[in-house]
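Presented below is the structure to which this report refers.
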Amino acid sequence: MSKIFKTLDEQIDILKQKGLIIEDENMAKEILLRENYFFLTGYRLLFMKSLKDKKFIPGSSFNELYAMFNFDRQIRNIMFKNLLIIENNIKSIISYHLSMTYGIREQDYLNPNNFNKKTEKTKQVNDLLKKMKRQIRNNADGHTATSHYQNNYGYIPLWIAVKVLSFGIVGELFTILKPDDQKSVALHFNINASDLITYLPVLSNFRNLCAHEEILFDHKIQRKIDNTKYHTMLDIPLMDGEFIYGKDDLFVLIIILKQMLTDKDFKEMLREVNYEISLLESKLKSISIGKVLDKMGFPVNYMDIERIN
């Protein structure tokens, strides 16, 4: 069964039939035209009675739905700019360490002998190095710095090459480094190499989600992170022996950024997030901000993470 095109008037009628209050129909139609009915109604479940009963909670309004849409957009923008900071930090630190240890030419830093020697890693090492060479080759001409080095020096040093490597590729690169190299990189963030191995694909996942403007606030990651001191010190409740927040939700990202951003950047980020939460709370009438925080995986005392050393 195929979907049928709906005019703006028909879209408004559908929302009204489901019980949504439309305060200003002309404004609502303009928003639906600009923002897309499908993307805007992606936030409808917060305001629905239940998954079975596809009616809105009495009193739910289009303004609330749009406020939630805008809230997620602002949180996504805040997270994205900080994820780009982490991406740049990781690329810079790995390229510095490998260049200092193994050399600055491609045949030096992409030598298979520089990486984990375990037999089970051999295929991953070879496959990843091929991917890196392909990304560098395919993207080098489109970047001023890489083309400058290639044209003037005949090679592209790693600290320049990382500019054209995806965050996902660089994250996988960390997993094939020799254990001592992993420890040296992780030490810059004062975390264990094993934790960084877990965190990097999570960061890449959130980074790509933000870049493509997917719904962020209730996003769930595939693999839960290990318990941290933040779970305990925030007194996050347990259910069946498992912390209910900060394991596979958006608060996971807050916990990781707490460990990897500078104190100054983290405090600024958390205050920006808190401002957006307060702003959203002032616009919600039919549901509580607590319902949104629960979907985000944020404990009510989420701001206390700032003071934990």
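Residues in the structure tokens are numbered from 1 in each chain, the chains being A, B, ... in the order shown, and ligands are numbered from 1 in the order shown.
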Give me every helix (DSSP H, G or I) residue in region 239-309 of chain A, going by DSSP on the backbone, as a VMD selection string.
chain A and resid 250 to 260 263 to 283 289 to 296 302 to 307
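When DSSP is run on the backbone, the residues of region 107-266 of chain A that fall into strand (DSSP E or B) are Phe115, Leu177, Leu238, Met239, Glu242 and Phe243 of chain A.
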Please produce a file of the residues just selected, as a PDB file, in the first residue's frame, where the atoms kept are N, CA and C atoms.
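Here's the written file result.pdb:
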```
ATOM      1  N   PHE A 115      51.271  -1.627  13.304  1.00  0.00           N
ATOM      2  CA  PHE A 115      49.993  -1.855  13.963  1.00  0.00           C
ATOM      3  C   PHE A 115      49.948  -3.188  14.705  1.00  0.00           C
ATOM      4  N   LEU A 177      45.836   0.070  16.579  1.00  0.00           N
ATOM      5  CA  LEU A 177      47.141   0.519  17.067  1.00  0.00           C
ATOM      6  C   LEU A 177      47.719  -0.504  18.036  1.00  0.00           C
ATOM      7  N   LEU A 238      18.733   2.061  39.819  1.00  0.00           N
ATOM      8  CA  LEU A 238      18.975   0.764  39.190  1.00  0.00           C
ATOM      9  C   LEU A 238      17.653   0.047  38.932  1.00  0.00           C
ATOM     10  N   MET A 239      17.627  -0.718  37.857  1.00  0.00           N
ATOM     11  CA  MET A 239      16.489  -1.602  37.583  1.00  0.00           C
ATOM     12  C   MET A 239      17.058  -2.937  37.124  1.00  0.00           C
ATOM     13  N   GLU A 242      20.754  -2.814  36.700  1.00  0.00           N
ATOM     14  CA  GLU A 242      21.300  -1.980  35.619  1.00  0.00           C
ATOM     15  C   GLU A 242      20.888  -0.533  35.830  1.00  0.00           C
ATOM     16  N   PHE A 243      21.824   0.388  35.667  1.00  0.00           N
ATOM     17  CA  PHE A 243      21.491   1.811  35.748  1.00  0.00           C
ATOM     18  C   PHE A 243      20.490   2.141  34.642  1.00  0.00           C
TER      19      PHE A 243
END
```
Show me, as JSON lines, the residues of region 196-261 of chain A having an atom within 12 Å of region 29-50 of chain A, each with the closest atom pair and its distance in Å, using only C-alpha atoms.
```
{"residue": "A:Glu213", "atom": "CA", "partner": "A:Phe39", "partner_atom": "CA", "distance": 9.7}
{"residue": "A:Glu214", "atom": "CA", "partner": "A:Phe39", "partner_atom": "CA", "distance": 8.8}
{"residue": "A:Ile215", "atom": "CA", "partner": "A:Gly42", "partner_atom": "CA", "distance": 7.7}
{"residue": "A:Leu216", "atom": "CA", "partner": "A:Tyr43", "partner_atom": "CA", "distance": 10.5}
{"residue": "A:Phe217", "atom": "CA", "partner": "A:Tyr43", "partner_atom": "CA", "distance": 9.7}
{"residue": "A:Asp218", "atom": "CA", "partner": "A:Tyr43", "partner_atom": "CA", "distance": 9.7}
```
From the list A:Ile14, A:Lys117, A:Gln74, A:Glu306, the nearest residue to Lys264 (chain A) using only C-alpha atoms is A:Glu306
Selection: 9 Å around region 245-261 of chain A, only C-alpha atoms, excl. self and same-chain fewer than 3 positions, as a ChimeraX atom specification
/A:79,82-83,85-86,188-191,199,202-203,206,216-228,230-231,236-238,242,264-267,270,294-299,302,305-306
